[in-house]
$ cat query06.txt   # compact mmCIF, C-alpha atoms
# COMPACT_ATOMS: atom_id res chain seq x y z
CA MET A 27 49.91 50.82 16.70
CA LYS A 28 47.92 50.73 13.47
CA VAL A 29 49.33 48.81 10.51
CA PRO A 30 46.82 48.72 7.64
CA LEU A 31 47.16 46.11 4.93
CA LEU A 32 47.62 48.99 2.47
CA ASP A 33 47.79 52.76 2.94
CA LEU A 34 47.61 54.68 -0.33
CA LYS A 35 47.29 58.09 1.34
CA GLU A 36 51.01 58.30 2.09
CA GLN A 37 51.84 57.50 -1.52
CA TYR A 38 49.40 60.15 -2.72
CA ARG A 39 50.86 62.81 -0.46
CA SER A 40 54.30 62.24 -1.97
CA LEU A 41 52.93 62.53 -5.54
CA LYS A 42 50.18 65.08 -5.09
CA LYS A 43 51.82 67.92 -7.01
CA GLU A 44 52.72 65.67 -9.96
CA ILE A 45 49.27 64.08 -10.01
CA MET A 46 47.44 67.39 -9.85
CA ALA A 47 49.53 68.84 -12.67
CA ALA A 48 48.97 65.79 -14.87
CA THR A 49 45.21 65.66 -14.29
CA GLU A 50 44.79 69.43 -14.70
CA ALA A 51 46.41 69.13 -18.12
CA VAL A 52 43.76 66.56 -19.04
CA TYR A 53 40.98 68.85 -17.81
CA GLU A 54 42.38 71.71 -19.88
CA SER A 55 42.57 69.52 -22.98
CA GLN A 56 39.00 68.24 -22.51
CA HIS A 57 40.15 65.01 -24.20
CA PHE A 58 39.16 62.14 -21.91
CA ILE A 59 38.98 58.97 -24.04
CA LEU A 60 42.15 57.42 -25.52
CA GLY A 61 44.30 60.06 -27.26
CA GLU A 62 47.91 61.13 -26.77
CA ARG A 63 48.11 60.40 -23.03
CA VAL A 64 46.92 56.83 -23.47
CA LEU A 65 49.31 56.32 -26.40
CA SER A 66 52.21 57.71 -24.38
CA LEU A 67 51.45 55.37 -21.47
CA GLU A 68 51.15 52.41 -23.84
CA GLU A 69 54.59 53.13 -25.26
CA SER A 70 56.07 53.47 -21.76
CA ILE A 71 54.48 50.23 -20.54
CA ALA A 72 55.70 48.34 -23.61
CA ARG A 73 59.26 49.53 -22.93
CA TYR A 74 58.98 48.68 -19.23
CA CYS A 75 57.69 45.17 -19.93
CA GLY A 76 60.07 44.48 -22.81
CA THR A 77 57.37 44.09 -25.45
CA SER A 78 56.77 45.64 -28.85
CA HIS A 79 53.27 46.91 -28.12
CA ALA A 80 50.79 47.70 -25.35
CA VAL A 81 47.07 48.48 -25.50
CA GLY A 82 45.41 50.41 -22.67
CA VAL A 83 42.06 48.96 -21.60
CA SER A 84 39.34 49.58 -19.06
CA SER A 85 40.43 47.09 -16.36
CA GLY A 86 42.58 44.05 -15.67
CA SER A 87 39.47 41.89 -15.99
CA ASP A 88 38.77 43.35 -19.42
CA ALA A 89 42.42 42.85 -20.35
CA LEU A 90 41.86 39.11 -19.91
CA LEU A 91 38.55 39.17 -21.73
CA ILE A 92 39.75 41.13 -24.76
CA SER A 93 42.92 38.99 -24.98
CA LEU A 94 40.88 35.80 -25.15
CA MET A 95 38.62 37.43 -27.74
CA ALA A 96 41.66 38.41 -29.82
CA ALA A 97 42.92 34.83 -29.53
CA GLY A 98 39.63 33.60 -30.99
CA ILE A 99 38.35 31.86 -27.86
CA SER A 100 34.60 31.31 -28.05
CA ALA A 101 31.78 28.95 -27.05
CA ASN A 102 32.69 25.24 -27.02
CA ASP A 103 36.40 26.03 -26.50
CA SER A 104 38.24 25.23 -23.27
CA VAL A 105 41.05 27.08 -21.51
CA LEU A 106 43.51 25.63 -18.99
CA THR A 107 44.22 27.70 -15.90
CA THR A 108 44.75 27.69 -12.14
CA PRO A 109 41.99 27.21 -9.56
CA TYR A 110 43.80 29.58 -7.17
CA SER A 111 43.49 33.14 -8.44
CA PHE A 112 41.20 36.15 -8.46
CA PHE A 113 37.83 35.32 -10.01
CA ALA A 114 38.48 37.30 -13.22
CA THR A 115 40.96 34.68 -14.44
CA ALA A 116 38.28 32.03 -14.87
CA GLY A 117 35.44 34.52 -15.21
CA ALA A 118 36.82 35.85 -18.49
CA ILE A 119 36.83 32.33 -19.89
CA ALA A 120 33.25 31.65 -18.84
CA ARG A 121 31.98 35.01 -20.13
CA LEU A 122 32.94 33.93 -23.65
CA GLY A 123 31.03 30.68 -23.27
CA ALA A 124 34.27 28.72 -23.02
CA ARG A 125 35.02 26.14 -20.33
CA PRO A 126 37.68 26.58 -17.63
CA VAL A 127 39.82 23.48 -17.15
CA PHE A 128 41.80 23.63 -13.93
CA ALA A 129 45.24 22.28 -13.01
CA ASP A 130 46.77 22.42 -9.52
CA ILE A 131 49.36 24.86 -8.23
CA ASP A 132 52.93 24.71 -6.99
CA PRO A 133 52.89 24.44 -3.16
CA GLN A 134 55.70 26.98 -2.72
CA THR A 135 54.91 29.74 -5.23
CA PHE A 136 51.10 29.29 -5.47
CA ASN A 137 51.47 29.54 -9.26
CA LEU A 138 50.20 27.06 -11.83
CA SER A 139 52.34 23.93 -11.63
CA PRO A 140 53.64 22.74 -15.03
CA GLU A 141 53.73 19.19 -13.69
CA THR A 142 49.94 19.13 -13.33
CA LEU A 143 49.13 20.19 -16.90
CA ASP A 144 49.54 16.77 -18.48
CA LEU A 145 47.39 15.26 -15.73
CA ALA A 146 44.65 17.82 -16.41
CA MET A 147 44.68 16.95 -20.10
CA GLU A 148 44.71 13.19 -19.41
CA LYS A 149 41.47 13.54 -17.45
CA LEU A 150 39.73 14.84 -20.58
CA THR A 151 38.30 12.71 -23.35
CA VAL A 152 39.94 12.90 -26.77
CA PRO A 153 37.21 15.23 -28.14
CA GLU A 154 37.52 17.41 -25.02
CA ARG A 155 41.28 17.71 -25.46
CA LYS A 156 40.75 19.04 -28.97
CA GLN A 157 38.57 21.80 -27.51
CA VAL A 158 41.40 23.15 -25.34
CA LYS A 159 42.70 26.21 -27.20
CA ALA A 160 44.58 28.33 -24.64
CA ILE A 161 46.26 28.41 -21.26
CA ILE A 162 46.29 31.23 -18.68
CA PRO A 163 49.17 31.03 -16.20
CA VAL A 164 48.85 33.56 -13.37
CA HIS A 165 51.87 35.37 -11.94
CA LEU A 166 50.42 35.42 -8.46
CA TYR A 167 51.37 37.83 -5.67
CA GLY A 168 54.14 39.38 -7.77
CA GLN A 169 56.18 36.32 -8.81
CA CYS A 170 56.23 34.80 -12.29
CA ALA A 171 55.00 31.29 -12.92
CA ASP A 172 57.47 28.68 -14.19
CA MET A 173 57.03 29.80 -17.79
CA ASP A 174 59.47 27.75 -19.88
CA PRO A 175 57.77 24.37 -19.29
CA ILE A 176 54.36 26.03 -19.55
CA ILE A 177 55.27 27.54 -22.93
CA GLN A 178 56.69 24.21 -24.09
CA PHE A 179 53.47 22.46 -23.03
CA ALA A 180 51.50 25.08 -24.98
CA LYS A 181 53.63 24.50 -28.09
CA ASN A 182 53.21 20.74 -27.81
CA ASN A 183 49.44 21.14 -27.64
CA ASP A 184 49.04 24.12 -30.00
CA LEU A 185 47.72 26.44 -27.27
CA VAL A 186 47.77 30.22 -27.02
CA VAL A 187 49.47 31.49 -23.84
CA VAL A 188 47.74 34.46 -22.17
CA GLU A 189 49.70 35.68 -19.14
CA ASP A 190 47.59 36.95 -16.25
CA ALA A 191 50.12 39.42 -14.89
CA ALA A 192 47.62 41.59 -13.03
CA GLN A 193 49.71 41.37 -9.84
CA ALA A 194 53.13 41.22 -11.41
CA ILE A 195 54.18 44.29 -13.38
CA GLY A 196 57.98 44.34 -13.42
CA SER A 197 58.44 40.81 -12.12
CA GLU A 198 60.82 38.60 -14.07
CA TYR A 199 61.31 34.99 -15.06
CA GLN A 200 64.91 34.26 -16.03
CA HIS A 201 65.39 37.95 -16.81
CA ARG A 202 62.27 38.21 -18.98
CA ARG A 203 59.54 40.52 -17.80
CA ALA A 204 56.04 39.36 -16.97
CA GLY A 205 53.79 39.91 -19.97
CA SER A 206 56.58 39.40 -22.51
CA MET A 207 56.61 35.60 -22.77
CA GLY A 208 53.19 34.55 -24.03
CA ALA A 209 51.03 35.75 -26.91
CA CYS A 210 50.08 38.62 -24.60
CA GLY A 211 50.23 39.78 -21.00
CA CYS A 212 47.30 41.19 -19.02
CA PHE A 213 47.85 43.84 -16.34
CA SER A 214 45.59 45.64 -13.89
CA PHE A 215 45.81 49.23 -12.70
CA PHE A 216 43.35 48.62 -9.86
CA PRO A 217 44.25 51.12 -7.10
CA SER A 218 45.71 48.48 -4.76
CA LYS A 219 48.16 47.16 -7.35
CA ASN A 220 51.85 48.12 -7.25
CA LEU A 221 51.09 50.42 -10.20
CA GLY A 222 47.56 51.61 -9.49
CA ALA A 223 45.24 54.14 -11.07
CA PHE A 224 42.62 56.27 -9.30
CA GLY A 225 39.95 53.83 -10.43
CA ASP A 226 39.81 50.93 -12.87
CA GLY A 227 42.25 50.50 -15.72
CA GLY A 228 44.48 47.93 -17.34
CA VAL A 229 46.76 47.16 -20.26
CA VAL A 230 47.59 44.28 -22.59
CA THR A 231 51.16 43.77 -23.82
CA THR A 232 52.21 41.80 -26.89
CA HIS A 233 55.02 41.32 -29.39
CA SER A 234 52.63 40.52 -32.23
CA GLN A 235 51.68 43.32 -34.62
CA GLU A 236 48.62 41.33 -35.69
CA PHE A 237 47.48 40.76 -32.11
CA TYR A 238 48.09 44.44 -31.30
CA HIS A 239 45.99 45.58 -34.25
CA HIS A 240 43.16 43.20 -33.31
CA LEU A 241 43.17 44.37 -29.68
CA LYS A 242 42.86 48.01 -30.72
CA ILE A 243 39.85 47.22 -32.90
CA LEU A 244 38.13 45.10 -30.25
CA ARG A 245 38.48 47.74 -27.49
CA SER A 246 36.32 50.17 -29.52
CA HIS A 247 33.35 47.90 -30.29
CA GLY A 248 35.21 46.12 -33.08
CA SER A 249 35.07 49.23 -35.25
CA GLU A 250 37.55 49.98 -38.05
CA PRO A 251 37.02 52.44 -39.58
CA LYS A 252 34.50 54.22 -37.36
CA TYR A 253 30.97 52.79 -37.67
CA HIS A 254 32.22 49.82 -39.71
CA HIS A 255 32.31 46.59 -37.71
CA LYS A 256 34.08 43.48 -38.89
CA PHE A 257 34.12 42.15 -35.32
CA VAL A 258 31.90 42.41 -32.24
CA GLY A 259 34.09 44.06 -29.64
CA GLY A 260 33.26 46.09 -26.57
CA ASN A 261 33.87 49.37 -24.79
CA PHE A 262 37.26 48.47 -23.32
CA ARG A 263 38.90 51.90 -23.64
CA LEU A 264 41.26 53.41 -21.06
CA ASP A 265 40.44 56.92 -19.85
CA ALA A 266 43.02 59.65 -20.49
CA LEU A 267 42.77 60.70 -16.82
CA GLN A 268 43.78 57.25 -15.62
CA ALA A 269 46.55 57.10 -18.21
CA ALA A 270 47.93 60.43 -16.97
CA ILE A 271 47.91 59.26 -13.35
CA VAL A 272 49.50 55.89 -14.12
CA SER A 273 52.16 57.63 -16.23
CA VAL A 274 53.18 59.70 -13.19
CA LYS A 275 53.29 56.63 -10.97
CA LEU A 276 55.27 54.55 -13.47
CA ASN A 277 58.28 56.82 -12.92
CA HIS A 278 58.29 55.76 -9.24
CA LEU A 279 57.51 52.07 -9.68
CA ASP A 280 61.04 50.67 -9.44
CA HIS A 281 61.64 52.65 -6.24
CA TRP A 282 58.46 51.25 -4.73
CA THR A 283 59.38 47.74 -5.84
CA ALA A 284 62.77 48.05 -4.16
CA ALA A 285 61.04 49.18 -0.96
CA ARG A 286 58.68 46.20 -1.05
CA GLN A 287 61.63 43.86 -1.58
CA ALA A 288 63.47 45.50 1.34
CA ASN A 289 60.41 45.06 3.55
CA ALA A 290 60.24 41.39 2.57
CA ALA A 291 63.89 40.96 3.57
CA LYS A 292 63.21 42.68 6.91
CA TYR A 293 60.28 40.35 7.56
CA ARG A 294 62.52 37.33 6.94
CA LYS A 295 65.05 38.64 9.45
CA LEU A 296 62.37 39.51 12.02
CA PHE A 297 60.57 36.18 11.70
CA SER A 298 63.87 34.38 12.19
CA GLN A 299 64.81 36.51 15.21
CA ASN A 300 61.39 35.86 16.75
CA GLY A 301 61.65 32.10 16.20
CA LEU A 302 58.74 32.08 13.76
CA HIS A 303 60.57 30.75 10.69
CA GLU A 304 59.92 27.14 11.76
CA THR A 305 56.21 27.78 12.39
CA ILE A 306 55.27 30.18 9.60
CA ARG A 307 56.25 29.52 5.98
CA LEU A 308 57.31 32.72 4.28
CA PRO A 309 57.07 33.42 0.53
CA VAL A 310 59.59 31.55 -1.60
CA GLU A 311 61.60 33.67 -4.03
CA ARG A 312 62.04 31.20 -6.84
CA GLU A 313 62.46 33.72 -9.65
CA ASN A 314 65.00 36.53 -9.93
CA ARG A 315 62.59 39.48 -9.50
CA HIS A 316 59.67 39.07 -7.11
CA ILE A 317 57.84 42.42 -6.83
CA TYR A 318 55.72 41.53 -3.75
CA ASN A 319 52.28 42.72 -4.71
CA GLN A 320 51.41 40.73 -1.61
CA PHE A 321 53.45 39.11 1.17
CA VAL A 322 51.59 35.85 1.75
CA ILE A 323 52.54 33.55 4.61
CA MET A 324 51.37 29.99 5.20
CA VAL A 325 49.96 29.38 8.66
CA PRO A 326 49.92 25.71 9.75
CA ASP A 327 46.66 25.96 11.69
CA LYS A 328 44.30 28.49 13.30
CA ARG A 329 44.79 30.89 10.39
CA ASP A 330 41.49 32.64 11.06
CA ASP A 331 42.26 32.88 14.79
CA LEU A 332 45.59 34.52 13.96
CA ARG A 333 43.84 36.92 11.61
CA ASP A 334 41.36 37.91 14.33
CA PHE A 335 44.21 38.38 16.80
CA LEU A 336 46.06 40.65 14.38
CA ALA A 337 42.91 42.65 13.68
CA GLN A 338 42.41 43.25 17.39
CA ALA A 339 45.99 44.55 17.49
CA GLY A 340 45.29 46.98 14.64
CA ILE A 341 47.05 44.98 11.93
CA GLY A 342 45.35 44.58 8.57
CA THR A 343 45.41 41.24 6.75
CA GLU A 344 43.60 39.56 3.87
CA VAL A 345 42.86 36.01 2.76
CA TYR A 346 43.56 35.52 -0.94
CA TYR A 347 41.56 33.39 -1.82
CA PRO A 348 39.28 31.58 0.69
CA VAL A 349 37.32 29.57 -1.91
CA PRO A 350 39.27 28.09 -4.85
CA LEU A 351 37.71 28.68 -8.25
CA HIS A 352 36.80 25.03 -8.83
CA LEU A 353 34.61 25.12 -5.68
CA GLN A 354 32.81 28.39 -6.49
CA GLU A 355 29.06 27.96 -6.74
CA CYS A 356 28.88 29.45 -10.23
CA PHE A 357 31.29 26.77 -11.51
CA ALA A 358 29.42 23.81 -10.02
CA TYR A 359 28.44 22.77 -13.56
CA LEU A 360 32.08 21.91 -14.25
CA GLY A 361 31.74 18.92 -11.92
CA TYR A 362 34.80 19.48 -9.73
CA GLN A 363 34.73 18.24 -6.13
CA PRO A 364 36.57 19.04 -2.87
CA GLY A 365 39.92 17.25 -2.97
CA ASP A 366 40.38 17.57 -6.73
CA PHE A 367 43.11 20.20 -6.31
CA LYS A 368 44.60 19.58 -2.90
CA VAL A 369 47.41 22.13 -3.07
CA ALA A 370 45.09 24.97 -4.07
CA GLU A 371 42.63 23.99 -1.34
CA LYS A 372 45.40 23.96 1.27
CA ALA A 373 46.51 27.43 0.17
CA ALA A 374 42.93 28.65 0.52
CA ARG A 375 42.80 27.26 4.09
CA ASN A 376 46.21 28.35 5.35
CA SER A 377 47.44 31.44 3.50
CA LEU A 378 47.36 34.96 4.92
CA ALA A 379 48.57 38.24 3.43
CA ILE A 380 50.25 40.70 5.80
CA PRO A 381 51.23 44.34 5.08
CA ILE A 382 54.12 44.86 2.63
CA TYR A 383 53.49 48.29 1.05
CA PRO A 384 56.53 50.54 0.47
CA GLU A 385 55.81 53.18 3.09
CA LEU A 386 55.84 50.80 6.08
CA SER A 387 58.21 51.84 8.85
CA ASP A 388 60.65 49.50 10.57
CA ALA A 389 58.58 49.93 13.75
CA GLN A 390 55.45 48.74 11.97
CA LEU A 391 57.23 45.71 10.52
CA GLU A 392 58.61 44.85 13.95
CA TYR A 393 55.16 45.23 15.48
CA VAL A 394 53.65 42.77 12.97
CA ALA A 395 56.32 40.14 13.66
CA GLU A 396 56.14 40.61 17.43
CA THR A 397 52.33 40.37 17.42
CA ILE A 398 52.45 37.09 15.47
CA LYS A 399 55.04 35.81 17.97
CA LEU A 400 52.70 36.80 20.81
CA PHE A 401 49.88 34.81 19.22
CA TYR A 402 52.04 31.68 19.23
CA GLY A 403 53.10 32.28 22.83
$ encode --input "query06.txt" --output "structure tokens"
Amino acid sequence: MKVPLLDLKEQYRSLKKEIMAATEAVYESQHFILGERVLSLEESIARYCGTSHAVGVSSGSDALLISLMAAGISANDSVLTTPYSFFATAGAIARLGARPVFADIDPQTFNLSPETLDLAMEKLTVPERKQVKAIIPVHLYGQCADMDPIIQFAKNNDLVVVEDAAQAIGSEYQHRRAGSMGACGCFSFFPSKNLGAFGDGGVVTTHSQEFYHHLKILRSHGSEPKYHHKFVGGNFRLDALQAAIVSVKLNHLDHWTAARQANAAKYRKLFSQNGLHETIRLPVERENRHIYNQFVIMVPDKRDDLRDFLAQAGIGTEVYYPVPLHLQECFAYLGYQPGDFKVAEKAARNSLAIPIYPELSDAQLEYVAETIKLFYG
């Protein structure tokens, strides 16, 4: 049996007529950059995320970059964040000439641990602390970080909170949606996300009218009015085609989320029935709405051997993320060493994502659990 990590073809088949109609309307209009379709999607995303505004941008990575630009982050500033995330989280900081400052993660949720933030600041000199201007918590794998203490820490230290919600559209923290709690929220429409485009795309959410206005100027080279530049921005615009496609998919998102949550519940039952719950640590649902962008298990040892075994059985997996950000070669200048963030490093060694996408059959889920049981004898 084949069980890919993700199969988007089945999703496309179910939406093909809607997608074709939406994209054909764009072709007929011959309006491909921004415009009514982007504005309509922005309004829908803002409602879905419980924010006042949303700004469509070119990718999730650019959502982070433009948000930091709007927050005034520049060279000689520092930004607190997690060492266990996709590269774009820290990459956006470095691209502005700012310095990433890492704090360790929670061992159960993999999200930035509020308890480590004070320790990260204490390791800095007094002048270095004054350079810290923002914090980027990441809502990893579809579950929100512990936001209340993070927001309180930010208030105590006069920091801007930029939520990296690239993997978490629709997830909630104490009944507040991801992207609605900080100064802004950054989302990705990368095709593999729960709400994916047919290429790159992203969006930034915010409650602030001032932030919203600044984001819109920055995404078009900092121009307002046209050809008049108060700021240096970039080409961060969302294509109308991608907006049309994402708008179609948004209508189905809650159904897909419910299917992912149901698959997660089935895995828990299957792992228990197969006696794996004492060997494999399954994802912890700490918050009230985990959307399961990924289903990431913790394997006590021989993670890579298990992955090879599953591959030979036709089961797709992925390791997110094998090298923590503080140990990436390009960040060697920051001076971090192995052992500095033990929880993140353990997650990098022992975590493994297994298939969770909505269209999985019960037979496929059973096959994954049984194959893992077979590996452990």
$ closest_residue --input "query06.txt" --among "A:Lys275, A:Lys399, A:Lys43, A:Lys252" --to "Thr305 of chain A" --atoms "only C-alpha atoms"
A:Lys399
$ closest_residue --input "query06.txt" --among "A:Ser40, A:Gln390, A:Ser111, A:Thr135" --to "Gln169 of chain A" --atoms "all atoms listed in the file"
A:Thr135
$ atom_distance --input "query06.txt" --atom1 "atom CA of Phe321 of chain A" --atom2 "atom CA of Ile382 of chain A"
6.0 Å
$ closest_residue --input "query06.txt" --among "A:Asp190, A:Glu68, A:Glu385, A:Asp130" --to "Phe113 of chain A" --atoms "only C-alpha atoms"
A:Asp190
$ residues_near_point --input "query06.txt" --point "(53.4, 49.7, -9.9)" --cutoff "12 Å" --atoms "only C-alpha atoms" --output "ChimeraX atom specification"
/A:37,71,74-75,168,191-197,213-223,228,271-286,317-319,383-384
$ closest_residue --input "query06.txt" --among "A:Val64, A:Glu154, A:Leu391, A:Asn289" --to "Ala80 of chain A" --atoms "only C-alpha atoms"
A:Val64
$ residues_around --input "query06.txt" --residues "Ile176 of chain A" --least-positions-apart "5" --cutoff "10 Å" --atoms "all atoms listed in the file" --output "PDB file with C-alpha atoms, in the coordinates of the input"
ATOM      1  CA  LEU A 138      50.200  27.060 -11.830  1.00  0.00           C
ATOM      2  CA  SER A 139      52.340  23.930 -11.630  1.00  0.00           C
ATOM      3  CA  PRO A 140      53.640  22.740 -15.030  1.00  0.00           C
ATOM      4  CA  GLU A 141      53.730  19.190 -13.690  1.00  0.00           C
ATOM      5  CA  LEU A 143      49.130  20.190 -16.900  1.00  0.00           C
ATOM      6  CA  ILE A 161      46.260  28.410 -21.260  1.00  0.00           C
ATOM      7  CA  ILE A 162      46.290  31.230 -18.680  1.00  0.00           C
ATOM      8  CA  PRO A 163      49.170  31.030 -16.200  1.00  0.00           C
ATOM      9  CA  ALA A 171      55.000  31.290 -12.920  1.00  0.00           C
ATOM     10  CA  LYS A 181      53.630  24.500 -28.090  1.00  0.00           C
ATOM     11  CA  ASN A 182      53.210  20.740 -27.810  1.00  0.00           C
ATOM     12  CA  VAL A 187      49.470  31.490 -23.840  1.00  0.00           C
ATOM     13  CA  GLY A 208      53.190  34.550 -24.030  1.00  0.00           C
TER      14      GLY A 208
END
$ atom_distance --input "query06.txt" --atom1 "atom CA of Tyr253 of chain A" --atom2 "atom CA of Thr231 of chain A"
26.1 Å
$ closest_residue --input "query06.txt" --among "A:Ser246, A:Ser206, A:Ser87, A:Gln134" --to "Gly260 of chain A" --atoms "only C-alpha atoms"
A:Ser246
$ residues_around --input "query06.txt" --residues "Ala51 of chain A" --least-positions-apart "5" --cutoff "9 Å" --atoms "all atoms listed in the file" --output "ChimeraX atom specification"
/A:46,56,270
$ atom_distance --input "query06.txt" --atom1 "atom CA of Arg329 of chain A" --atom2 "atom CA of Ala370 of chain A"
15.6 Å
$ closest_residue --input "query06.txt" --among "A:Asn137, A:Ser387, A:Ser70, A:Ser104" --to "Leu150 of chain A" --atoms "all atoms listed in the file"
A:Ser104
$ axis_aligned_box --input "query06.txt" --around "segment 172-177 of chain A" --padding-each-side "8 Å" --output "AutoDock Vina command-line options"
--center_x 56.9 --center_y 27.1 --center_z -18.6 --size_x 21.1 --size_y 21.4 --size_z 24.7
$ residues_around --input "query06.txt" --residues "Arg375 of chain A" --least-positions-apart "4" --cutoff "9 Å" --atoms "all atoms listed in the file" --output "PDB file with C-alpha atoms, in the coordinates of the input"
ATOM      1  CA  VAL A 325      49.960  29.380   8.660  1.00  0.00           C
ATOM      2  CA  ASP A 327      46.660  25.960  11.690  1.00  0.00           C
ATOM      3  CA  ARG A 329      44.790  30.890  10.390  1.00  0.00           C
ATOM      4  CA  ASP A 330      41.490  32.640  11.060  1.00  0.00           C
ATOM      5  CA  VAL A 345      42.860  36.010   2.760  1.00  0.00           C
ATOM      6  CA  TYR A 347      41.560  33.390  -1.820  1.00  0.00           C
ATOM      7  CA  PRO A 348      39.280  31.580   0.690  1.00  0.00           C
ATOM      8  CA  VAL A 349      37.320  29.570  -1.910  1.00  0.00           C
ATOM      9  CA  ALA A 370      45.090  24.970  -4.070  1.00  0.00           C
ATOM     10  CA  GLU A 371      42.630  23.990  -1.340  1.00  0.00           C
TER      11      GLU A 371
END
$ residues_around --input "query06.txt" --residues "His352 of chain A" --least-positions-apart "4" --cutoff "10 Å" --atoms "all atoms listed in the file" --output "ChimeraX atom specification"
/A:108-110,116,126-129,356-364,366-367,370-371
